[in-house]
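Just final-v3.txt here, compact mmCIF, C-alpha atoms and all ligand atoms:
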```
# COMPACT_ATOMS: atom_id res chain seq x y z
CA MET A 43 -19.59 0.03 2.84
CA GLU A 44 -16.64 2.30 2.14
CA ILE A 45 -13.71 1.98 4.50
CA LEU A 46 -11.61 4.67 2.84
CA GLU A 47 -12.72 7.74 0.93
CA THR A 48 -11.19 10.86 -0.48
CA LYS A 49 -13.18 13.94 -1.38
CA ASN A 50 -11.69 16.37 -3.88
CA LEU A 51 -8.24 15.49 -2.58
CA THR A 52 -5.63 17.82 -4.06
CA LYS A 53 -1.87 18.17 -3.71
CA ALA A 54 0.06 20.90 -5.47
CA PHE A 55 3.84 21.11 -5.59
CA GLY A 56 4.30 24.72 -6.64
CA ALA A 57 2.73 25.08 -10.08
CA LEU A 58 2.32 21.31 -10.50
CA THR A 59 -0.91 19.75 -9.30
CA ALA A 60 0.20 16.16 -8.69
CA VAL A 61 -3.19 15.06 -7.32
CA ASN A 62 -6.14 17.01 -8.63
CA ALA A 63 -9.56 16.87 -6.91
CA VAL A 64 -9.53 13.10 -6.55
CA SER A 65 -12.71 11.60 -5.09
CA LEU A 66 -12.27 7.92 -4.46
CA ALA A 67 -14.30 5.36 -2.51
CA ILE A 68 -12.72 2.07 -1.47
CA GLU A 69 -15.19 -0.66 -0.55
CA ALA A 70 -14.28 -2.62 2.60
CA GLY A 71 -12.84 -6.03 1.73
CA SER A 72 -12.17 -5.21 -1.91
CA LEU A 73 -9.00 -5.08 -3.94
CA HIS A 74 -9.05 -1.69 -5.60
CA SER A 75 -6.26 -0.84 -8.03
CA ILE A 76 -4.96 2.55 -9.07
CA ILE A 77 -3.37 2.65 -12.49
CA GLY A 78 -2.06 5.40 -14.71
CA PRO A 79 1.04 6.43 -16.66
CA ASN A 80 4.27 7.41 -14.89
CA GLY A 81 3.89 10.72 -13.07
CA ALA A 82 0.09 10.43 -12.92
CA GLY A 83 0.12 11.09 -9.16
CA LYS A 84 -0.43 7.56 -7.81
CA THR A 85 2.40 7.55 -5.27
CA THR A 86 1.54 11.09 -4.20
CA LEU A 87 -2.01 9.88 -3.54
CA PHE A 88 -0.59 7.17 -1.22
CA ASN A 89 1.60 9.77 0.47
CA LEU A 90 -1.54 11.78 1.20
CA LEU A 91 -3.45 8.74 2.47
CA THR A 92 -0.65 7.81 4.89
CA GLY A 93 -0.15 11.37 6.14
CA THR A 94 3.36 11.58 4.65
CA PHE A 95 2.19 14.70 2.80
CA GLN A 96 -0.60 17.01 3.89
CA PRO A 97 -3.12 17.80 1.13
CA THR A 98 -3.42 21.28 -0.33
CA SER A 99 -7.18 20.82 -0.11
CA GLY A 100 -9.78 18.10 0.12
CA ARG A 101 -10.56 15.46 2.71
CA ILE A 102 -9.69 11.89 3.66
CA ILE A 103 -12.22 9.71 5.49
CA PHE A 104 -11.17 6.41 7.04
CA ASP A 105 -13.75 4.17 8.66
CA GLN A 106 -16.33 6.99 8.63
CA LYS A 107 -13.98 9.35 10.47
CA GLU A 108 -12.21 12.31 8.96
CA ILE A 109 -8.44 11.81 9.20
CA THR A 110 -7.32 14.76 7.05
CA GLY A 111 -4.28 16.34 8.70
CA THR A 112 -3.55 13.35 10.94
CA PRO A 113 0.21 12.80 11.16
CA ALA A 114 1.71 9.67 9.60
CA SER A 115 2.67 8.24 13.01
CA ARG A 116 -1.00 8.22 14.06
CA ILE A 117 -2.36 6.87 10.79
CA ALA A 118 -0.43 3.60 11.05
CA HIS A 119 -2.08 3.06 14.44
CA LEU A 120 -5.52 3.62 12.93
CA GLY A 121 -4.95 0.61 10.69
CA LEU A 122 -3.82 2.09 7.39
CA ALA A 123 -0.55 0.36 6.52
CA ARG A 124 1.68 0.77 3.57
CA SER A 125 4.32 -1.56 2.26
CA TYR A 126 7.33 0.74 2.30
CA GLN A 127 10.20 0.00 0.02
CA ARG A 128 13.33 -1.02 1.90
CA THR A 129 13.31 1.98 4.20
CA THR A 130 11.85 0.00 7.10
CA VAL A 131 14.02 -3.11 6.72
CA PHE A 132 17.00 -3.40 9.08
CA PRO A 133 19.60 -5.45 7.14
CA ALA A 134 21.47 -6.68 10.22
CA PHE A 135 18.30 -7.87 11.99
CA SER A 136 16.78 -11.29 11.50
CA LEU A 137 13.52 -11.46 9.55
CA PHE A 138 11.73 -12.24 12.80
CA ASP A 139 13.21 -9.21 14.57
CA ASN A 140 12.32 -6.94 11.65
CA VAL A 141 8.71 -8.02 11.76
CA TRP A 142 8.65 -8.10 15.57
CA VAL A 143 9.66 -4.43 15.72
CA ALA A 144 6.80 -3.53 13.39
CA ALA A 145 4.31 -5.61 15.39
CA PHE A 146 5.49 -4.05 18.64
CA ALA A 147 5.59 -0.46 17.41
CA THR A 148 2.03 -0.56 16.10
CA GLY A 149 0.63 -2.68 18.92
CA LYS A 150 -2.81 -1.60 20.04
CA SER A 151 -1.35 0.05 23.12
CA TRP A 152 2.37 -0.31 23.19
CA LYS A 153 2.63 1.98 26.19
CA GLY A 154 0.42 -0.39 28.14
CA LEU A 155 2.54 -3.26 26.94
CA LEU A 156 5.55 -1.95 28.84
CA TYR A 157 3.65 -2.37 32.08
CA ARG A 158 2.08 -5.69 31.26
CA GLU A 159 3.56 -9.05 32.02
CA ILE A 160 6.04 -10.80 29.78
CA ASP A 161 3.03 -12.70 28.38
CA SER A 162 2.07 -9.72 26.24
CA TYR A 163 5.35 -9.97 24.43
CA SER A 164 4.38 -13.41 23.22
CA GLU A 165 1.29 -11.86 21.61
CA VAL A 166 3.58 -9.58 19.65
CA ALA A 167 5.83 -12.52 18.76
CA GLU A 168 2.80 -14.46 17.57
CA ARG A 169 1.68 -11.59 15.36
CA ALA A 170 5.21 -11.40 13.93
CA ASN A 171 5.24 -15.14 13.21
CA LEU A 172 1.83 -14.99 11.54
CA ALA A 173 2.95 -12.15 9.31
CA LEU A 174 6.04 -14.11 8.24
CA ARG A 175 3.89 -17.16 7.57
CA ASP A 176 1.45 -15.09 5.50
CA VAL A 177 4.23 -14.14 3.12
CA GLY A 178 5.85 -17.58 3.09
CA LEU A 179 9.01 -16.63 4.97
CA GLU A 180 8.47 -18.56 8.20
CA ASP A 181 11.30 -21.00 7.43
CA LYS A 182 13.77 -18.13 7.14
CA SER A 183 12.75 -16.21 10.25
CA LYS A 184 16.21 -16.59 11.87
CA GLN A 185 18.12 -15.43 8.79
CA LEU A 186 19.39 -11.87 8.57
CA ALA A 187 17.46 -9.54 6.28
CA ARG A 188 20.61 -8.80 4.27
CA GLU A 189 21.05 -12.49 3.43
CA ILE A 190 17.78 -13.07 1.62
CA SER A 191 17.07 -12.57 -2.09
CA HIS A 192 15.64 -9.41 -3.62
CA GLY A 193 12.23 -11.05 -4.07
CA GLU A 194 12.25 -12.20 -0.46
CA GLN A 195 13.13 -8.69 0.71
CA ARG A 196 9.95 -7.49 -0.94
CA GLN A 197 8.01 -10.26 0.79
CA LEU A 198 9.58 -9.10 4.05
CA GLU A 199 8.39 -5.53 3.40
CA LEU A 200 4.92 -6.92 2.99
CA ALA A 201 5.24 -8.90 6.25
CA ILE A 202 6.31 -5.70 8.03
CA ALA A 203 3.12 -4.00 6.81
CA LEU A 204 1.02 -7.03 7.83
CA ALA A 205 2.57 -7.15 11.30
CA ALA A 206 0.86 -3.85 12.00
CA ALA A 207 -2.47 -5.73 11.79
CA PRO A 208 -3.79 -3.25 9.22
CA ARG A 209 -7.35 -2.88 8.06
CA VAL A 210 -6.32 -1.35 4.78
CA LEU A 211 -3.12 -2.33 3.02
CA LEU A 212 -1.60 0.09 0.51
CA LEU A 213 0.76 -1.58 -1.97
CA ASP A 214 2.81 0.63 -4.29
CA GLU A 215 4.12 -1.46 -7.20
CA PRO A 216 4.93 -4.56 -5.14
CA ALA A 217 6.28 -6.37 -8.21
CA ALA A 218 8.55 -3.56 -9.41
CA GLY A 219 12.03 -4.83 -10.21
CA LEU A 220 11.16 -8.48 -9.60
CA SER A 221 12.02 -11.35 -11.93
CA PRO A 222 9.14 -13.18 -13.66
CA GLU A 223 9.41 -15.97 -11.08
CA GLU A 224 9.45 -13.54 -8.13
CA THR A 225 6.57 -11.62 -9.70
CA ARG A 226 4.47 -14.79 -9.90
CA LYS A 227 5.15 -15.38 -6.21
CA MET A 228 4.20 -11.83 -5.28
CA VAL A 229 0.97 -12.00 -7.30
CA ALA A 230 0.05 -15.26 -5.57
CA LEU A 231 0.71 -13.57 -2.23
CA VAL A 232 -1.48 -10.58 -3.01
CA ARG A 233 -4.17 -12.96 -4.20
CA ALA A 234 -3.97 -14.89 -0.92
CA LEU A 235 -4.28 -11.68 1.11
CA LYS A 236 -7.28 -10.58 -0.90
CA GLY A 237 -10.47 -10.85 1.12
CA ARG A 238 -8.61 -10.80 4.43
CA TYR A 239 -7.65 -7.17 3.99
CA THR A 240 -8.93 -4.25 2.04
CA ILE A 241 -6.13 -3.71 -0.47
CA VAL A 242 -5.34 -0.65 -2.54
CA LEU A 243 -2.83 -1.63 -5.20
CA ILE A 244 -0.75 0.54 -7.48
CA GLU A 245 0.71 -1.56 -10.26
CA HIS A 246 2.07 -1.05 -13.74
CA LYS A 247 1.78 -4.58 -15.04
CA MET A 248 -1.62 -4.70 -16.70
CA ASP A 249 -1.97 -8.48 -16.65
CA ILE A 250 -1.62 -8.43 -12.85
CA ILE A 251 -4.10 -5.58 -12.48
CA MET A 252 -6.70 -7.18 -14.72
CA SER A 253 -6.49 -10.54 -12.96
CA VAL A 254 -6.58 -9.49 -9.29
CA SER A 255 -8.67 -6.29 -9.10
CA ASP A 256 -12.31 -5.94 -8.09
CA ARG A 257 -12.28 -2.32 -9.17
CA ILE A 258 -9.82 -0.10 -10.98
CA SER A 259 -9.42 3.67 -10.85
CA VAL A 260 -7.39 5.35 -13.56
CA MET A 261 -5.32 8.47 -12.93
CA HIS A 262 -3.95 10.74 -15.60
CA PHE A 263 -2.09 14.01 -14.92
CA GLY A 264 -3.33 14.00 -11.31
CA SER A 265 -7.01 13.47 -12.11
CA LEU A 266 -9.21 10.39 -12.02
CA ILE A 267 -10.37 9.76 -15.56
CA ALA A 268 -12.21 6.46 -15.13
CA GLU A 269 -13.35 3.90 -12.61
CA GLY A 270 -14.87 0.49 -13.06
CA THR A 271 -14.42 -3.27 -13.15
CA PRO A 272 -11.44 -4.69 -15.06
CA ALA A 273 -13.71 -5.45 -18.02
CA GLU A 274 -15.13 -1.93 -18.07
CA ILE A 275 -11.68 -0.36 -17.82
CA GLN A 276 -10.26 -2.53 -20.58
CA LYS A 277 -12.75 -1.22 -23.11
CA ASN A 278 -12.86 2.40 -21.93
CA PRO A 279 -11.76 4.62 -24.85
CA GLU A 280 -10.44 7.41 -22.62
CA VAL A 281 -8.23 4.95 -20.75
CA ARG A 282 -6.89 3.55 -23.99
CA ARG A 283 -6.09 7.06 -25.19
CA ALA A 284 -4.30 7.95 -21.92
CA TYR A 285 -2.13 4.89 -22.22
CA LEU A 286 -1.46 5.10 -25.92
CA GLY A 287 -0.67 8.81 -25.66
CA GLY A 288 1.40 8.42 -22.49
CA VAL A 289 3.97 5.94 -21.30
CA ALA A 290 3.22 2.41 -22.41
CA ALA A 291 2.24 0.23 -19.46
N1 LIG B 1 7.91 15.72 -3.23
C1 LIG B 1 7.65 16.19 -4.47
N2 LIG B 1 7.99 17.44 -4.82
C2 LIG B 1 7.72 17.92 -6.06
N3 LIG B 1 7.11 17.20 -7.03
C3 LIG B 1 6.76 15.95 -6.74
C4 LIG B 1 7.01 15.36 -5.46
N4 LIG B 1 6.54 14.09 -5.46
C5 LIG B 1 6.04 13.89 -6.69
N5 LIG B 1 6.15 14.99 -7.46
C6 LIG B 1 5.69 15.15 -8.85
O1 LIG B 1 4.31 14.83 -8.84
C7 LIG B 1 3.95 14.14 -10.04
C8 LIG B 1 3.33 12.80 -9.68
O2 LIG B 1 4.34 11.95 -9.16
P1 LIG B 1 4.01 10.52 -8.57
O3 LIG B 1 2.92 10.66 -7.58
O4 LIG B 1 5.27 9.95 -8.08
O5 LIG B 1 3.49 9.75 -9.86
P2 LIG B 1 3.29 8.18 -10.11
O6 LIG B 1 3.47 7.46 -8.81
O7 LIG B 1 1.92 8.05 -10.68
O8 LIG B 1 4.32 7.79 -11.14
C9 LIG B 1 5.24 14.00 -10.85
O9 LIG B 1 5.27 15.02 -11.80
C10 LIG B 1 6.33 14.18 -9.81
O10 LIG B 1 7.50 14.70 -10.38
MG MG B 2 4.77 5.91 -8.24
```
Using structure tokens, write down the structure from this file.
Ligand SMILES: Nc1ncnc2c1ncn2[C@@H]1O[C@H](COP(=O)(O)OP(=O)(O)O)[C@@H](O)[C@H]1O
Ligand SMILES: [Mg+2]
Amino acid sequence: MEILETKNLTKAFGALTAVNAVSLAIEAGSLHSIIGPNGAGKTTLFNLLTGTFQPTSGRIIFDQKEITGTPASRIAHLGLARSYQRTTVFPAFSLFDNVWVAAFATGKSWKGLLYREIDSYSEVAERANLALRDVGLEDKSKQLAREISHGEQRQLELAIALAAAPRVLLLDEPAAGLSPEETRKMVALVRALKGRYTIVLIEHKMDIIMSVSDRISVMHFGSLIAEGTPAEIQKNPEVRRAYLGGVAA
């Protein structure tokens, strides 16, 4: 069953159509990757899914309900979480506090939480601890975010997304700027999360994409030009042309 769908989703910035009539169906529990040359519209697609941008036309359906036009603040509560880059990390907070804030803010009913007993706070703390454990940072939970390595910061960003107890996790180039060692760690992490969450992954590194994806959709100049299994995508002539003609990936 599809947990997330777009129908003819379109976003124009003036004369430029960054996302052009994209119809996508993400199967619940799968790891579905979006690939395509630089400027293909992948990040804009995520911005539409999370309500950061409103589409020019088209629809977004999450869990069988239309969410087109829903503001970003509501979408996180529905269970669509994105690993933001840096923007949500507070450098002077401990890792635990960073993740705790995310767990608290997206709690099922944080308003109710204010009136509940102190006990409820331990639920939030537990969710925060689980998220840190999931990304392998539990031993550093008391350290300040500014003290950890670049690779660990990216793991923290992932923990912040996980703390929201998402049903769909959107990852935009989680290995960008990481060293080979850090990249291996991140890939192992994504692999470990696979199956527990529906994951939509944007990634440039083809070896990662081919080894972790159940399905791959290919974007080129805003449009979807192919969709299939890694094996199908690898031998698709149109995909090869898009990559050879565009930016090497
Ligand atoms: N906020 C914006 N305003 C105007 N143009 C934008 C904006 N965001 C992205 N674009 C343009 O949309 C196109 C797709 O960008 P993007 O979605 O970032 O591509 P990708 O993530 O695939 O590299 C690019 O040409 C980019 O310059
Ligand atoms: Mg991008």
Who sits within 10 Å of A:Ala67, only C-alpha atoms, same chain under 3 positions skipped, as a compact mmCIF listing (two decimals) with C-alpha atoms, keeping the file's coordinate frame:
```txt
# COMPACT_ATOMS: atom_id res chain seq x y z
CA MET A 43 -19.59 0.03 2.84
CA GLU A 44 -16.64 2.30 2.14
CA ILE A 45 -13.71 1.98 4.50
CA LEU A 46 -11.61 4.67 2.84
CA GLU A 47 -12.72 7.74 0.93
CA THR A 48 -11.19 10.86 -0.48
CA LYS A 49 -13.18 13.94 -1.38
CA VAL A 64 -9.53 13.10 -6.55
CA ALA A 70 -14.28 -2.62 2.60
CA HIS A 74 -9.05 -1.69 -5.60
CA ILE A 103 -12.22 9.71 5.49
CA SER A 259 -9.42 3.67 -10.85
```
When the cut-off is 9 Å and you count all atoms listed in the file, which residues lie near ligand MG 2 (chain B), shown as a list in words?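 Those within range of ligand MG 2 (chain B) are Asn80, Gly81, Ala82, Gly83, Lys84, Thr85, Thr86, Phe88, Asp214, Glu215, Ile244 and Glu245 of chain A.
Compared by their closest atoms to ligand LIG 1 (chain B), and using all atoms listed in the file, the residues A:Leu213, A:Ala123, A:Ile275, A:Ala268 rank with A:Leu213 nearest.
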Close residues to ligand LIG 1 (chain B) using all atoms listed in the file, limit 12 Å, as a ChimeraX atom specification: /A:52-62,76-90,94-96,213-215,243-246,260-266,288-289,291
Please report as a tab-separated table every residue of stretch 97-215 of chain A lying within 12 Å of stretch 229-235 of chain A, along with the nearest atom pair and their distance in Å (one decimal), using only C-alpha atoms.
```
residue	atom	partner	partner_atom	distance
A:Ser125	CA	A:Val232	CA	11.9
A:Ala173	CA	A:Leu235	CA	10.9
A:Leu174	CA	A:Leu231	CA	11.8
A:Arg175	CA	A:Leu231	CA	10.9
A:Asp176	CA	A:Leu231	CA	7.9
A:Val177	CA	A:Leu231	CA	6.4
A:Gly178	CA	A:Leu231	CA	8.4
A:Leu179	CA	A:Leu231	CA	11.4
A:Gly193	CA	A:Val229	CA	11.8
A:Glu194	CA	A:Leu231	CA	11.8
A:Arg196	CA	A:Leu231	CA	11.1
A:Gln197	CA	A:Leu231	CA	8.6
A:Leu198	CA	A:Leu231	CA	11.8
A:Leu200	CA	A:Leu231	CA	9.4
A:Ala201	CA	A:Leu231	CA	10.7
A:Leu204	CA	A:Leu235	CA	9.7
A:Pro208	CA	A:Leu235	CA	11.7
A:Arg209	CA	A:Leu235	CA	11.6
A:Val210	CA	A:Leu235	CA	11.2
A:Leu211	CA	A:Leu235	CA	9.6
A:Leu212	CA	A:Val232	CA	11.2
A:Leu213	CA	A:Val232	CA	9.3
A:Glu215	CA	A:Val229	CA	11.0
```
Keeping C-alpha atoms for every residue in the selection just given, could you write it to a file as a JSON list (two decimals), in the frame of the given file?
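So selection07.json came out as:
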```json
[["chain", "number", "residue", "atom", "x", "y", "z"],
["A", 125, "SER", "CA", 4.32, -1.56, 2.26],
["A", 173, "ALA", "CA", 2.95, -12.15, 9.31],
["A", 174, "LEU", "CA", 6.04, -14.11, 8.24],
["A", 175, "ARG", "CA", 3.89, -17.16, 7.57],
["A", 176, "ASP", "CA", 1.45, -15.09, 5.50],
["A", 177, "VAL", "CA", 4.23, -14.14, 3.12],
["A", 178, "GLY", "CA", 5.85, -17.58, 3.09],
["A", 179, "LEU", "CA", 9.01, -16.63, 4.97],
["A", 193, "GLY", "CA", 12.23, -11.05, -4.07],
["A", 194, "GLU", "CA", 12.25, -12.20, -0.46],
["A", 196, "ARG", "CA", 9.95, -7.49, -0.94],
["A", 197, "GLN", "CA", 8.01, -10.26, 0.79],
["A", 198, "LEU", "CA", 9.58, -9.10, 4.05],
["A", 200, "LEU", "CA", 4.92, -6.92, 2.99],
["A", 201, "ALA", "CA", 5.24, -8.90, 6.25],
["A", 204, "LEU", "CA", 1.02, -7.03, 7.83],
["A", 208, "PRO", "CA", -3.79, -3.25, 9.22],
["A", 209, "ARG", "CA", -7.35, -2.88, 8.06],
["A", 210, "VAL", "CA", -6.32, -1.35, 4.78],
["A", 211, "LEU", "CA", -3.12, -2.33, 3.02],
["A", 212, "LEU", "CA", -1.60, 0.09, 0.51],
["A", 213, "LEU", "CA", 0.76, -1.58, -1.97],
["A", 215, "GLU", "CA", 4.12, -1.46, -7.20]]
```
Check the smallest atom-to-atom distance from each of A:Ser99, A:Ser72, A:Thr92, A:Gln185 to A:Val254 using all atoms listed in the file, then report the winner.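 For A:Val254, the nearest of the given residues is A:Ser72.
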Interatomic distance between atom CA of A:Glu223 and atom CA of A:Glu199?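 Between atom CA of A:Glu223 and atom CA of A:Glu199 the gap is 17.9 Å.
Take the candidates A:Ala217, A:Ile267, A:Ile117, A:Ile68 and check each one against A:Pro279 using all atoms listed in the file; the shortest distance goes to A:Ile267.
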Which residues, written as a PyMOL selection string, have at least one atom at most 8 Å from A:Ser255, with all atoms listed in the file counted and residues fewer than 5 positions away on the same chain left out? chain A and resi 73-75+271-272
Store the residues of this selection in a file with C-alpha atoms, as a PDB file, in the coordinates of the input.
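Everything below was put into selection.pdb:
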```
ATOM      1  CA  LEU A  73      -9.000  -5.080  -3.940  1.00  0.00           C
ATOM      2  CA  HIS A  74      -9.050  -1.690  -5.600  1.00  0.00           C
ATOM      3  CA  SER A  75      -6.260  -0.840  -8.030  1.00  0.00           C
ATOM      4  CA  THR A 271     -14.420  -3.270 -13.150  1.00  0.00           C
ATOM      5  CA  PRO A 272     -11.440  -4.690 -15.060  1.00  0.00           C
TER       6      PRO A 272
END
```
Among the residues A:Ala147, A:Ala273, A:Asp181, A:Ala203, the one that comes closest to A:Leu122 [using only C-alpha atoms]: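 So, comparing all the options, the nearest one is A:Ala203.
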Expressed in Å to a single decimal, how great is the separation between atom CA of A:Ser221 and atom CA of A:Ile241? 22.8 Å
In Å to one decimal, how far is atom CA of A:Leu172 from atom CA of A:Ala205?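 Separating atom CA of A:Ala205 from atom CA of A:Leu172 is a distance of 7.9 Å.
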